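Engineer: Got structure.cif for you, mmCIF, C-alpha atoms (C1' of nucleotides):
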data_work
loop_
_atom_site.label_atom_id
_atom_site.label_comp_id
_atom_site.auth_asym_id
_atom_site.auth_seq_id
_atom_site.Cartn_x
_atom_site.Cartn_y
_atom_site.Cartn_z
CA MET A 160 0.00 0.00 0.00
CA THR A 161 1.56 3.30 -1.05
CA GLN A 162 0.82 6.86 -0.19
CA ASP A 163 -1.05 7.36 -3.45
CA ASP A 164 -3.80 5.05 -2.29
CA TYR A 165 -4.90 7.79 0.06
CA THR A 166 -6.48 11.11 -0.70
CA LYS A 167 -5.14 13.92 1.38
CA LYS A 168 -7.44 16.48 2.97
CA ASP A 169 -4.48 18.64 3.76
CA ASP A 170 -1.45 19.98 1.97
CA PHE A 171 1.08 19.18 4.65
CA ASP A 172 3.33 16.30 3.67
CA LEU A 173 4.78 14.26 6.50
CA LEU A 174 7.21 12.72 4.04
CA ASP A 175 8.83 16.10 3.53
CA PHE A 176 9.11 16.91 7.22
CA LEU A 177 12.78 16.44 8.01
CA PRO A 178 12.54 15.24 11.62
CA TYR A 179 9.99 12.62 10.59
CA LEU A 180 11.96 11.61 7.54
CA LEU A 181 15.19 11.39 9.50
CA ASN A 182 13.59 9.22 12.14
CA ARG A 183 12.04 6.89 9.60
CA ALA A 184 15.33 6.59 7.71
CA ALA A 185 17.22 6.03 10.95
CA GLU A 186 14.85 3.29 12.09
CA GLU A 187 14.82 1.52 8.77
CA SER A 188 18.55 1.70 8.22
CA SER A 189 19.35 0.49 11.74
CA LEU A 190 17.14 -2.58 11.65
CA GLU A 191 19.53 -4.97 9.98
CA PHE A 192 22.56 -4.09 12.08
CA GLN A 193 20.40 -4.12 15.21
CA ASN A 194 19.36 -7.68 14.48
CA VAL A 195 23.00 -8.72 14.32
CA TYR A 196 24.20 -7.33 17.63
CA ASN A 197 20.93 -8.20 19.30
CA ASP A 198 20.54 -11.78 18.10
CA ARG A 199 24.21 -12.62 18.27
CA TYR A 200 25.20 -10.98 21.56
CA GLY A 201 21.95 -9.89 23.20
CA MET A 202 23.17 -6.31 23.10
CA LEU A 203 21.09 -3.16 23.06
CA ARG A 204 21.75 0.00 21.15
CA THR A 205 23.50 1.80 23.99
CA GLU A 206 25.66 -1.25 24.56
CA TRP A 207 27.05 -1.49 21.06
CA ARG A 208 27.67 2.25 21.09
CA VAL A 209 29.69 1.99 24.28
CA LEU A 210 31.53 -1.04 22.91
CA PHE A 211 32.40 0.83 19.72
CA HIS A 212 33.61 3.88 21.56
CA LEU A 213 36.00 1.76 23.61
CA GLY A 214 37.05 -0.20 20.53
CA ILE A 215 37.84 2.97 18.63
CA TYR A 216 39.33 5.13 21.39
CA GLY A 217 40.85 2.47 23.61
CA GLU A 218 40.23 3.84 27.08
CA LEU A 219 37.51 6.20 28.20
CA THR A 220 35.51 7.04 31.29
CA ALA A 221 31.74 6.68 31.43
CA THR A 222 31.37 10.45 31.38
CA GLU A 223 33.53 10.79 28.28
CA ILE A 224 31.49 8.17 26.47
CA GLY A 225 28.30 9.93 27.46
CA GLU A 226 29.52 13.28 26.18
CA ARG A 227 30.79 11.95 22.90
CA ALA A 228 27.79 9.76 22.12
CA LYS A 229 25.19 12.03 23.71
CA ILE A 230 23.99 9.26 25.98
CA HIS A 231 22.67 10.02 29.45
CA LYS A 232 24.89 8.85 32.28
CA THR A 233 22.31 6.46 33.70
CA LYS A 234 22.11 4.71 30.35
CA VAL A 235 25.88 4.55 30.11
CA SER A 236 26.11 3.20 33.65
CA ARG A 237 23.69 0.39 32.90
CA ALA A 238 25.27 -0.43 29.57
CA VAL A 239 28.69 -0.61 31.24
CA ASN A 240 27.26 -2.98 33.84
CA LYS A 241 25.94 -5.33 31.20
CA LEU A 242 29.12 -5.25 29.16
CA GLU A 243 31.14 -5.94 32.29
CA ALA A 244 28.86 -8.84 33.25
CA ARG A 245 29.52 -10.35 29.83
CA ARG A 246 33.26 -9.79 30.35
CA PHE A 247 33.44 -7.44 27.36
CA LEU A 248 35.03 -4.62 29.34
CA ALA A 249 36.98 -4.04 32.54
CA ARG A 250 36.90 -1.12 34.95
CA ALA A 251 39.94 0.40 36.62
CA ARG A 252 39.51 2.99 39.34
CA SER A 253 41.59 6.04 38.54
CA GLU A 254 44.44 6.74 40.97
CA ALA A 255 44.36 10.47 40.37
CA ASP A 256 40.61 10.81 40.93
CA ARG A 257 38.95 7.99 42.76
CA ARG A 258 35.49 8.90 41.51
CA VAL A 259 36.52 8.04 38.00
CA GLU A 260 36.65 4.63 36.32
CA GLN A 261 38.79 4.01 33.28
CA LEU A 262 37.04 1.57 30.98
CA THR A 263 38.78 -0.71 28.51
CA LEU A 264 37.73 -3.67 26.40
CA THR A 265 38.84 -7.13 27.44
CA PRO A 266 40.29 -9.42 24.73
CA ILE A 267 36.80 -10.92 24.39
CA GLY A 268 35.24 -7.50 24.08
CA LEU A 269 37.81 -6.51 21.51
CA SER A 270 37.09 -9.53 19.35
CA VAL A 271 33.35 -8.90 19.56
CA TYR A 272 33.99 -5.30 18.61
CA ARG A 273 36.09 -6.36 15.63
CA GLU A 274 33.42 -8.69 14.38
CA LEU A 275 30.69 -6.09 14.70
CA ARG A 276 32.90 -3.44 13.14
CA GLY A 277 33.34 -5.64 10.08
CA ILE A 278 29.61 -6.15 9.81
CA ALA A 279 29.01 -2.44 10.26
CA GLN A 280 31.43 -1.62 7.47
CA GLN A 281 29.81 -4.10 5.11
CA TYR A 282 26.38 -2.82 5.94
CA ASP A 283 27.41 0.80 5.55
CA ALA A 284 28.83 -0.04 2.13
CA LYS A 285 25.52 -1.64 1.20
CA LEU A 286 23.59 1.47 2.16
CA ALA A 287 26.09 3.74 0.43
CA ALA A 288 25.71 1.68 -2.74
CA MET A 289 22.12 2.92 -3.04
CA PHE A 290 23.57 6.24 -4.21
CA SER A 291 26.51 7.66 -6.08
CA ALA A 292 29.75 8.23 -4.19
CA GLU A 293 29.28 11.99 -4.38
CA GLU A 294 25.70 11.83 -3.18
CA THR A 295 26.70 9.65 -0.25
CA ALA A 296 29.52 11.99 0.70
CA VAL A 297 27.11 14.92 0.67
CA LEU A 298 24.61 12.94 2.74
CA ARG A 299 27.18 12.17 5.42
CA LYS A 300 28.28 15.77 5.54
CA MET A 301 24.71 17.03 5.88
CA LEU A 302 23.86 14.46 8.55
CA ARG A 303 26.90 15.46 10.58
CA ARG A 304 25.76 19.05 10.49
CA LEU A 305 22.21 18.11 11.45
CA ALA A 306 23.54 15.95 14.26
CA ASP A 307 25.68 18.88 15.36
CA ILE A 308 28.84 16.80 15.29
CA GLY A 309 30.26 18.32 12.23
CA MET B 13 34.80 18.81 23.46
CA THR B 14 35.23 17.72 19.87
CA GLN B 15 36.32 14.50 18.28
CA ASP B 16 39.81 15.83 17.70
CA ASP B 17 40.50 15.89 21.42
CA TYR B 18 40.70 12.11 21.28
CA THR B 19 43.30 9.93 19.69
CA LYS B 20 41.85 6.97 17.88
CA LYS B 21 43.36 3.52 18.25
CA ASP B 22 41.32 2.32 15.35
CA ASP B 23 40.51 3.46 11.86
CA PHE B 24 36.79 2.91 12.01
CA ASP B 25 34.87 6.17 12.19
CA LEU B 26 31.51 6.08 13.91
CA LEU B 27 30.74 9.47 12.42
CA ASP B 28 30.80 7.94 8.96
CA PHE B 29 28.60 4.98 9.84
CA LEU B 30 25.26 5.81 8.28
CA PRO B 31 22.93 4.12 10.78
CA TYR B 32 24.69 5.89 13.64
CA LEU B 33 24.78 9.18 11.81
CA LEU B 34 21.12 8.94 10.86
CA ASN B 35 20.12 8.21 14.44
CA ARG B 36 22.15 11.07 15.82
CA ALA B 37 20.76 13.47 13.23
CA ALA B 38 17.22 12.22 13.86
CA GLU B 39 17.52 12.68 17.62
CA GLU B 40 19.09 16.09 17.38
CA SER B 41 16.69 17.41 14.76
CA SER B 42 13.63 16.12 16.61
CA LEU B 43 14.47 17.64 19.97
CA GLU B 44 13.01 21.08 19.43
CA PHE B 45 9.72 19.91 17.94
CA GLN B 46 9.47 17.21 20.59
CA ASN B 47 9.70 19.84 23.30
CA VAL B 48 6.76 21.69 21.77
CA TYR B 49 4.27 18.83 21.53
CA ASN B 50 5.48 17.38 24.79
CA ASP B 51 5.49 20.53 26.93
CA ARG B 52 2.40 22.04 25.37
CA TYR B 53 0.16 18.97 25.08
CA GLY B 54 1.93 16.22 27.00
CA MET B 55 2.05 14.17 23.81
CA LEU B 56 4.52 11.46 22.93
CA ARG B 57 6.06 10.76 19.56
CA THR B 58 3.55 8.14 18.52
CA GLU B 59 0.72 10.45 19.54
CA TRP B 60 1.72 13.36 17.34
CA ARG B 61 2.29 10.96 14.48
CA VAL B 62 -1.22 9.57 14.82
CA LEU B 63 -2.63 13.08 15.19
CA PHE B 64 -0.85 14.19 12.03
CA HIS B 65 -2.01 11.20 10.03
CA LEU B 66 -5.60 11.97 10.91
CA GLY B 67 -5.10 15.67 10.27
CA ILE B 68 -3.68 15.00 6.84
CA TYR B 69 -5.85 12.10 5.70
CA GLY B 70 -9.06 12.88 7.54
CA GLU B 71 -10.29 9.40 8.49
CA LEU B 72 -8.27 6.27 9.02
CA THR B 73 -8.42 3.04 10.98
CA ALA B 74 -5.76 2.13 13.54
CA THR B 75 -4.41 -0.51 11.19
CA GLU B 76 -4.08 1.95 8.34
CA ILE B 77 -2.18 4.37 10.53
CA GLY B 78 0.11 1.59 11.68
CA GLU B 79 0.88 0.52 8.13
CA ARG B 80 1.53 3.99 6.84
CA ALA B 81 3.64 5.16 9.76
CA LYS B 82 5.25 1.78 10.47
CA ILE B 83 4.03 1.81 14.04
CA HIS B 84 3.15 -1.42 15.83
CA LYS B 85 -0.54 -1.90 16.51
CA THR B 86 -0.11 -1.93 20.28
CA LYS B 87 1.58 1.46 20.14
CA VAL B 88 -1.16 2.80 17.89
CA SER B 89 -3.79 1.42 20.23
CA ARG B 90 -2.30 3.18 23.23
CA ALA B 91 -1.76 6.44 21.37
CA VAL B 92 -5.39 6.37 20.19
CA ASN B 93 -6.50 5.84 23.78
CA LYS B 94 -4.58 8.85 25.00
CA LEU B 95 -5.74 11.06 22.16
CA GLU B 96 -9.31 9.99 22.79
CA ALA B 97 -8.99 10.69 26.52
CA ARG B 98 -7.85 14.22 25.65
CA ARG B 99 -10.82 14.54 23.27
CA PHE B 100 -8.51 14.99 20.28
CA LEU B 101 -10.11 12.16 18.29
CA ALA B 102 -13.32 10.17 18.11
CA ARG B 103 -13.92 6.54 17.25
CA ALA B 104 -16.76 5.23 15.13
CA ARG B 105 -17.38 1.52 14.85
CA SER B 106 -17.62 0.55 11.19
CA GLU B 107 -21.02 -0.76 10.09
CA ALA B 108 -19.58 -2.94 7.37
CA ASP B 109 -17.02 -4.63 9.60
CA ARG B 110 -17.64 -4.38 13.30
CA ARG B 111 -14.02 -5.14 14.20
CA VAL B 112 -12.94 -1.88 12.63
CA GLU B 113 -12.96 1.60 14.11
CA GLN B 114 -12.90 4.70 11.95
CA LEU B 115 -10.89 7.41 13.63
CA THR B 116 -11.34 11.14 13.06
CA LEU B 117 -10.11 14.27 14.77
CA THR B 118 -12.53 16.25 16.90
CA PRO B 119 -12.63 20.05 16.41
CA ILE B 120 -10.23 20.32 19.35
CA GLY B 121 -7.91 17.74 17.82
CA LEU B 122 -8.03 19.53 14.51
CA SER B 123 -7.04 22.84 16.04
CA VAL B 124 -4.18 21.21 17.94
CA TYR B 125 -3.09 19.56 14.72
CA ARG B 126 -3.17 22.88 12.88
CA GLU B 127 -1.08 24.56 15.50
CA LEU B 128 1.51 21.81 15.54
CA ARG B 129 1.53 21.67 11.76
CA GLY B 130 2.43 25.37 11.64
CA ILE B 131 5.23 24.83 14.11
CA ALA B 132 6.46 21.81 12.16
CA GLN B 133 6.54 23.83 8.95
CA GLN B 134 8.48 26.65 10.57
CA TYR B 135 10.90 24.24 12.12
CA ASP B 136 11.40 22.33 8.90
CA ALA B 137 12.16 25.59 7.14
CA LYS B 138 14.74 26.39 9.79
CA LEU B 139 16.46 23.05 9.29
CA ALA B 140 16.30 23.36 5.52
CA ALA B 141 17.91 26.80 5.75
CA MET B 142 21.11 25.13 6.95
CA PHE B 143 21.67 24.04 3.34
CA SER B 144 21.02 25.17 -0.19
CA ALA B 145 17.63 24.43 -1.72
CA GLU B 146 19.15 21.86 -4.04
CA GLU B 147 21.05 20.13 -1.26
CA THR B 148 17.91 19.95 0.88
CA ALA B 149 15.90 18.51 -1.99
CA VAL B 150 18.54 15.83 -2.52
CA LEU B 151 18.60 15.10 1.22
CA ARG B 152 14.84 14.55 1.34
CA LYS B 153 14.97 12.30 -1.68
CA MET B 154 17.77 10.21 -0.23
CA LEU B 155 16.09 9.94 3.15
CA ARG B 156 12.88 8.74 1.53
CA ARG B 157 14.81 6.01 -0.21
CA LEU B 158 16.62 5.03 2.96
CA ALA B 159 13.33 4.98 4.82
CA ASP B 160 11.89 2.83 2.05
CA ILE B 161 9.00 5.22 1.50
CA GLY B 162 10.23 6.55 -1.79
"C1'" DG C 172 41.25 23.00 58.10
"C1'" DC C 173 36.29 23.56 57.35
"C1'" DT C 174 32.30 24.42 54.89
"C1'" DT C 175 29.94 24.54 50.49
"C1'" DA C 176 29.62 23.43 45.84
"C1'" DA C 177 30.56 20.52 41.97
"C1'" DT C 178 31.45 16.04 39.64
"C1'" DA C 179 31.46 10.68 38.70
"C1'" DG C 180 28.72 7.28 38.90
"C1'" DT C 181 24.75 4.33 40.89
"C1'" DT C 182 20.16 3.26 42.37
"C1'" DG C 183 15.04 3.50 42.78
"C1'" DA C 184 10.49 4.92 41.32
"C1'" DT C 185 7.66 5.92 37.37
"C1'" DT C 186 6.66 5.84 32.59
"C1'" DT C 187 6.99 3.86 28.15
"C1'" DT C 188 7.94 0.17 25.07
"C1'" DG C 189 7.98 -4.64 23.37
"C1'" DT C 190 6.25 -9.38 23.14
"C1'" DA C 191 2.81 -12.55 23.50
"C1'" DA C 192 -1.46 -13.90 24.47
"C1'" DC C 193 -6.03 -12.68 24.26
"C1'" DT C 194 -11.22 -11.36 22.59
"C1'" DA C 195 -14.29 -10.37 19.03
"C1'" DA C 196 -15.64 -10.39 14.40
"C1'" DC C 197 -15.37 -12.02 9.78
"C1'" DA C 198 -14.32 -15.51 5.89
"C1'" DA C 199 -13.84 -19.78 3.50
"C1'" DG C 200 -14.34 -24.53 2.83
"C1'" DA C 201 -16.19 -29.11 3.94
"C1'" DT D 252 -23.67 -25.22 9.95
"C1'" DC D 253 -19.39 -26.21 11.80
"C1'" DT D 254 -14.79 -26.14 11.87
"C1'" DT D 255 -10.40 -23.65 10.82
"C1'" DG D 256 -7.99 -19.63 9.78
"C1'" DT D 257 -7.47 -14.65 9.50
"C1'" DT D 258 -7.85 -9.88 10.89
"C1'" DA D 259 -8.80 -5.63 14.16
"C1'" DG D 260 -7.80 -4.19 18.23
"C1'" DT D 261 -6.83 -4.69 23.44
"C1'" DT D 262 -4.56 -6.27 27.53
"C1'" DA D 263 -0.98 -8.35 30.61
"C1'" DC D 264 3.54 -8.96 31.76
"C1'" DA D 265 8.42 -8.23 31.11
"C1'" DA D 266 12.10 -5.21 29.48
"C1'" DA D 267 13.89 -0.73 28.96
"C1'" DA D 268 14.02 4.36 29.22
"C1'" DT D 269 13.47 8.50 31.99
"C1'" DC D 270 13.96 11.46 35.94
"C1'" DA D 271 15.14 12.40 40.47
"C1'" DA D 272 17.49 11.37 44.38
"C1'" DC D 273 21.43 9.34 46.28
"C1'" DT D 274 26.74 8.17 47.72
"C1'" DA D 275 31.44 9.07 47.33
"C1'" DT D 276 35.00 11.96 46.11
"C1'" DT D 277 37.19 16.18 44.74
"C1'" DA D 278 37.61 21.32 44.33
"C1'" DA D 279 37.08 26.12 45.93
"C1'" DG D 280 36.44 29.84 49.04
"C1'" DC D 281 37.21 31.44 53.30
#
The structure in this file should be written as structure tokens.
Structural biologist:
Amino acid sequence: MTQDDYTKKDDFDLLDFLPYLLNRAAEESSLEFQNVYNDRYGMLRTEWRVLFHLGIYGELTATEIGERAKIHKTKVSRAVNKLEARRFLARARSEADRRVEQLTLTPIGLSVYRELRGIAQQYDAKLAAMFSAEETAVLRKMLRRLADIG
Amino acid sequence: MTQDDYTKKDDFDLLDFLPYLLNRAAEESSLEFQNVYNDRYGMLRTEWRVLFHLGIYGELTATEIGERAKIHKTKVSRAVNKLEARRFLARARSEADRRVEQLTLTPIGLSVYRELRGIAQQYDAKLAAMFSAEETAVLRKMLRRLADIG
DNA sequence: GCTTAATAGTTGATTTTGTAACTAACAAGA
DNA sequence: TCTTGTTAGTTACAAAATCAACTATTAAGC
């Protein structure tokens, strides 16, 4: 069933409204990758994001992860707990400031990260292949600006 | 704090990964509008989406809304309940098929829809103004394809 | 040093979502 | 008509997100 099956009583088009469109595109394009990390490792979205941050940057505190990924500290805290329970990461209390915990991936966590990273790269390539290289580059640039991480 | 403050141990760039980028852009670009419908009418995301569908298309069943907006029927059901409790919509049992309910906005619901629609249009224009007209047109087109509603 | 404020992170209560099972109504075939 | 299957929508229970309050530690002003 497509949009054309319906007669509009109103000129407003939801499918031109950027926040709606962005959310729909985000949901749709995340589905496949979500199934992988969820089915294979029982991870949630916040958990793979934390895992990836540690995989990419090596050692971070919960606060740093929260700032960089715009995730609330309670969500980070719970994600860290789950990843620790699965032995994907280890905590080390900072000597300089004993409130702080330095987080790093364990060898297991690192290998999980590497597997998921490979899948992410493949999947990203698949999405990018829907468009020309130039179009995709422009899309990424625009999305970074919209996400305010540009 | 920007990305450059961190040294990467890994070549993978989260800020190039389309599903991540789309989600971040979607969250960021929805925030302002979300505050309006939430603060002003205590509505949730699913609720404004249902409201807008009825405002645009005039009369739909819960199932039709779910199909068009890709919202699960339990979420639609609960959103319809809340909108009905606030007297924003009315249900009418279908004569032809007594399982079905035809949903329409009440005059109150319609005026709320019209107000939010105006705000949405303004806000969309503000987002679009971050780019050239051509760029924005390309963005919308690409997002529709990614969202599989092209 | 002592008080007050700020920060890192956790926990608990409430709300919202997700999954599955459910009721009610229709449809199709023997 | 009497299964059997399907569809519309709701409800119950479990999982997760949100928000506020909390502990522990550090920093700042006096």
Engineer: To one decimal place, how far is CA of Gln261 (chain A) from CA of Asn194 (chain A) in Å?
Structural biologist: 29.5 Å
Engineer: I'd like a table as a tab-separated table: residues in chain C with an atom no more than 12 Å from chain B, each row giving the shortest atom pair and its distance in Å to one decimal, all atoms listed in the file counted, sorted by chain and rising residue number.
Structural biologist:
residue	atom	partner	partner_atom	distance
C:DT186	C1'	B:Leu56	CA	11.4
C:DT187	C1'	B:Leu56	CA	9.5
C:DT188	C1'	B:Lys87	CA	8.1
C:DG189	C1'	B:Thr86	CA	9.1
C:DT190	C1'	B:Thr86	CA	10.2
C:DA191	C1'	B:Thr86	CA	11.5
C:DT194	C1'	B:Arg111	CA	10.8
C:DA195	C1'	B:Arg111	CA	7.1
C:DA196	C1'	B:Arg111	CA	5.5
C:DC197	C1'	B:Asp109	CA	7.6
C:DA198	C1'	B:Asp109	CA	11.8
Engineer: Between CA of Ala97 (chain B) and CA of Phe45 (chain B), measure the distance and give it in Å to one decimal.
Structural biologist: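 Computing it gives 22.6 Å between the two atoms.
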Engineer: Using the chain letters and residue numbers of this document, give as a VMD selection string the residues selected by the PyMOL selection byres ((chain C and resi 180) around 10).
Structural biologist: (chain A and resid 221 to 222 232 to 233 235 to 236 258 to 260) or (chain C and resid 178 to 179 181) or (chain D and resid 274 to 275)
Engineer: Point out the residue among B:Thr73, B:Ser42, B:Asn35, B:Thr148 with the least atom-to-atom distance to Thr205 (chain A), counting only C-alpha atoms.
Structural biologist: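 Smallest separation from Thr205 (chain A) among the options: B:Asn35.
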Engineer: Separation of CA of Phe176 (chain A) and CA of Leu117 (chain B), in Å?
Structural biologist: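 Answer for the CA of Phe176 (chain A) to CA of Leu117 (chain B) separation: 20.8 Å.
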Engineer: Given the file shown, determine the residues that the PyMOL selection byres ((chain A and resi 299) around 12) selects; report them as a ChimeraX atom specification.
Structural biologist: /A:283,286-287,290,292-298,300-306,308-309 /B:25-34,36-37,151,154-155
Engineer: Once chain B is fitted onto chain A by least squares over all its in-order Cα atoms, send the moved chain as a compact mmCIF listing (two decimals) with C-alpha atoms, keeping the file's coordinate frame.
Structural biologist:
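Writing done, so here's selection-v2.txt:
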# COMPACT_ATOMS: atom_id res chain seq x y z
CA MET B 13 0.17 0.00 0.12
CA THR B 14 1.70 3.28 -0.96
CA GLN B 15 0.93 6.86 -0.14
CA ASP B 16 -0.95 7.32 -3.38
CA ASP B 17 -3.69 4.98 -2.22
CA TYR B 18 -4.82 7.72 0.13
CA THR B 19 -6.43 11.01 -0.65
CA LYS B 20 -5.09 13.84 1.43
CA LYS B 21 -7.42 16.38 3.00
CA ASP B 22 -4.49 18.58 3.77
CA ASP B 23 -1.46 19.92 1.98
CA PHE B 24 1.07 19.15 4.66
CA ASP B 25 3.32 16.25 3.70
CA LEU B 26 4.78 14.21 6.52
CA LEU B 27 7.20 12.68 4.06
CA ASP B 28 8.81 16.07 3.56
CA PHE B 29 9.09 16.88 7.25
CA LEU B 30 12.76 16.42 8.02
CA PRO B 31 12.52 15.25 11.64
CA TYR B 32 9.99 12.61 10.63
CA LEU B 33 11.95 11.61 7.58
CA LEU B 34 15.19 11.38 9.53
CA ASN B 35 13.58 9.19 12.17
CA ARG B 36 12.04 6.88 9.62
CA ALA B 37 15.31 6.59 7.72
CA ALA B 38 17.23 6.02 10.96
CA GLU B 39 14.88 3.26 12.10
CA GLU B 40 14.81 1.53 8.76
CA SER B 41 18.55 1.71 8.19
CA SER B 42 19.36 0.49 11.69
CA LEU B 43 17.15 -2.57 11.62
CA GLU B 44 19.53 -4.97 9.95
CA PHE B 45 22.56 -4.10 12.07
CA GLN B 46 20.39 -4.10 15.18
CA ASN B 47 19.34 -7.66 14.45
CA VAL B 48 22.98 -8.72 14.31
CA TYR B 49 24.17 -7.30 17.63
CA ASN B 50 20.90 -8.16 19.28
CA ASP B 51 20.50 -11.76 18.09
CA ARG B 52 24.17 -12.61 18.26
CA TYR B 53 25.16 -10.94 21.54
CA GLY B 54 21.90 -9.85 23.15
CA MET B 55 23.15 -6.27 23.08
CA LEU B 56 21.07 -3.13 23.03
CA ARG B 57 21.74 0.05 21.12
CA THR B 58 23.50 1.84 23.94
CA GLU B 59 25.66 -1.23 24.53
CA TRP B 60 27.05 -1.46 21.02
CA ARG B 61 27.67 2.27 21.05
CA VAL B 62 29.70 2.00 24.25
CA LEU B 63 31.52 -1.05 22.90
CA PHE B 64 32.40 0.82 19.71
CA HIS B 65 33.62 3.89 21.55
CA LEU B 66 36.00 1.76 23.57
CA GLY B 67 37.05 -0.21 20.51
CA ILE B 68 37.86 2.96 18.62
CA TYR B 69 39.35 5.10 21.38
CA GLY B 70 40.87 2.43 23.58
CA GLU B 71 40.23 3.82 27.07
CA LEU B 72 37.52 6.18 28.19
CA THR B 73 35.54 7.03 31.30
CA ALA B 74 31.76 6.68 31.42
CA THR B 75 31.42 10.45 31.37
CA GLU B 76 33.58 10.77 28.28
CA ILE B 77 31.52 8.18 26.46
CA GLY B 78 28.33 9.95 27.45
CA GLU B 79 29.59 13.29 26.17
CA ARG B 80 30.86 11.96 22.89
CA ALA B 81 27.85 9.79 22.10
CA LYS B 82 25.27 12.08 23.71
CA ILE B 83 24.05 9.32 25.97
CA HIS B 84 22.72 10.08 29.44
CA LYS B 85 24.93 8.91 32.27
CA THR B 86 22.34 6.52 33.67
CA LYS B 87 22.12 4.77 30.31
CA VAL B 88 25.90 4.59 30.09
CA SER B 89 26.07 3.22 33.61
CA ARG B 90 23.65 0.42 32.83
CA ALA B 91 25.28 -0.41 29.51
CA VAL B 92 28.69 -0.59 31.23
CA ASN B 93 27.21 -2.95 33.80
CA LYS B 94 25.89 -5.29 31.15
CA LEU B 95 29.09 -5.22 29.14
CA GLU B 96 31.08 -5.92 32.28
CA ALA B 97 28.80 -8.82 33.23
CA ARG B 98 29.46 -10.33 29.79
CA ARG B 99 33.21 -9.78 30.33
CA PHE B 100 33.40 -7.43 27.35
CA LEU B 101 34.99 -4.60 29.35
CA ALA B 102 36.94 -4.02 32.54
CA ARG B 103 36.88 -1.13 34.97
CA ALA B 104 39.91 0.39 36.64
CA ARG B 105 39.49 2.95 39.38
CA SER B 106 41.60 6.00 38.59
CA GLU B 107 44.43 6.68 41.04
CA ALA B 108 44.37 10.41 40.46
CA ASP B 109 40.64 10.79 41.03
CA ARG B 110 38.95 7.96 42.83
CA ARG B 111 35.49 8.89 41.56
CA VAL B 112 36.54 8.02 38.04
CA GLU B 113 36.65 4.63 36.35
CA GLN B 114 38.78 3.98 33.30
CA LEU B 115 37.03 1.56 31.00
CA THR B 116 38.77 -0.74 28.51
CA LEU B 117 37.70 -3.68 26.41
CA THR B 118 38.79 -7.15 27.46
CA PRO B 119 40.24 -9.45 24.75
CA ILE B 120 36.75 -10.94 24.40
CA GLY B 121 35.21 -7.49 24.08
CA LEU B 122 37.79 -6.52 21.51
CA SER B 123 37.06 -9.54 19.36
CA VAL B 124 33.32 -8.90 19.55
CA TYR B 125 33.98 -5.30 18.61
CA ARG B 126 36.08 -6.35 15.64
CA GLU B 127 33.42 -8.68 14.38
CA LEU B 128 30.68 -6.09 14.69
CA ARG B 129 32.89 -3.45 13.14
CA GLY B 130 33.34 -5.65 10.06
CA ILE B 131 29.61 -6.15 9.81
CA ALA B 132 29.01 -2.43 10.25
CA GLN B 133 31.45 -1.63 7.46
CA GLN B 134 29.82 -4.10 5.10
CA TYR B 135 26.40 -2.82 5.94
CA ASP B 136 27.42 0.80 5.52
CA ALA B 137 28.83 -0.04 2.12
CA LYS B 138 25.53 -1.64 1.17
CA LEU B 139 23.60 1.47 2.17
CA ALA B 140 26.07 3.74 0.42
CA ALA B 141 25.70 1.69 -2.75
CA MET B 142 22.12 2.92 -3.04
CA PHE B 143 23.56 6.25 -4.20
CA SER B 144 26.48 7.67 -6.10
CA ALA B 145 29.73 8.25 -4.23
CA GLU B 146 29.26 12.00 -4.42
CA GLU B 147 25.68 11.85 -3.19
CA THR B 148 26.69 9.65 -0.26
CA ALA B 149 29.51 12.00 0.67
CA VAL B 150 27.10 14.93 0.66
CA LEU B 151 24.60 12.94 2.73
CA ARG B 152 27.19 12.18 5.41
CA LYS B 153 28.27 15.78 5.54
CA MET B 154 24.71 17.03 5.89
CA LEU B 155 23.86 14.47 8.54
CA ARG B 156 26.90 15.47 10.58
CA ARG B 157 25.73 19.06 10.50
CA LEU B 158 22.19 18.10 11.44
CA ALA B 159 23.52 15.96 14.26
CA ASP B 160 25.66 18.89 15.37
CA ILE B 161 28.82 16.81 15.26
CA GLY B 162 30.26 18.46 12.21
Engineer: What are the residues of chain D lining chain B at 9 Å or less? Count all atoms listed in the file, and put the answer as number ranges by chain.
Structural biologist: D: 258-261
Engineer: Evaluate the PyMOL selection byres ((chain A and resi 265) around 7) here and jot the selected residues down as number ranges by chain.
Structural biologist: A: 246-249, 263-264, 266-269
Engineer: Mind dumping the selected residues with C-alpha atoms as a PDB file, in the frame of the given file?
Structural biologist:
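Saved the output as part.pdb:
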ATOM      1  CA  ARG A 246      33.260  -9.790  30.350  1.00  0.00           C
ATOM      2  CA  PHE A 247      33.440  -7.440  27.360  1.00  0.00           C
ATOM      3  CA  LEU A 248      35.030  -4.620  29.340  1.00  0.00           C
ATOM      4  CA  ALA A 249      36.980  -4.040  32.540  1.00  0.00           C
ATOM      5  CA  THR A 263      38.780  -0.710  28.510  1.00  0.00           C
ATOM      6  CA  LEU A 264      37.730  -3.670  26.400  1.00  0.00           C
ATOM      7  CA  PRO A 266      40.290  -9.420  24.730  1.00  0.00           C
ATOM      8  CA  ILE A 267      36.800 -10.920  24.390  1.00  0.00           C
ATOM      9  CA  GLY A 268      35.240  -7.500  24.080  1.00  0.00           C
ATOM     10  CA  LEU A 269      37.810  -6.510  21.510  1.00  0.00           C
TER      11      LEU A 269
END
Engineer: Within 12 Å of (15.0, 1.0, 42.8) in the file's own coordinates, which protein, DNA or RNA residues have an atom, counting only C-alpha atoms (C1' of nucleotides)? List them as an mmCIF file with C-alpha atoms (C1' of nucleotides), keeping the file's coordinate frame.
Structural biologist:
data_model
loop_
_atom_site.group_PDB
_atom_site.id
_atom_site.type_symbol
_atom_site.label_atom_id
_atom_site.label_comp_id
_atom_site.auth_asym_id
_atom_site.auth_seq_id
_atom_site.Cartn_x
_atom_site.Cartn_y
_atom_site.Cartn_z
ATOM 1 C "C1'" DT C 181 24.750 4.330 40.890
ATOM 2 C "C1'" DT C 182 20.160 3.260 42.370
ATOM 3 C "C1'" DG C 183 15.040 3.500 42.780
ATOM 4 C "C1'" DA C 184 10.490 4.920 41.320
ATOM 5 C "C1'" DT C 185 7.660 5.920 37.370
ATOM 6 C "C1'" DA D 271 15.140 12.400 40.470
ATOM 7 C "C1'" DA D 272 17.490 11.370 44.380
ATOM 8 C "C1'" DC D 273 21.430 9.340 46.280
#
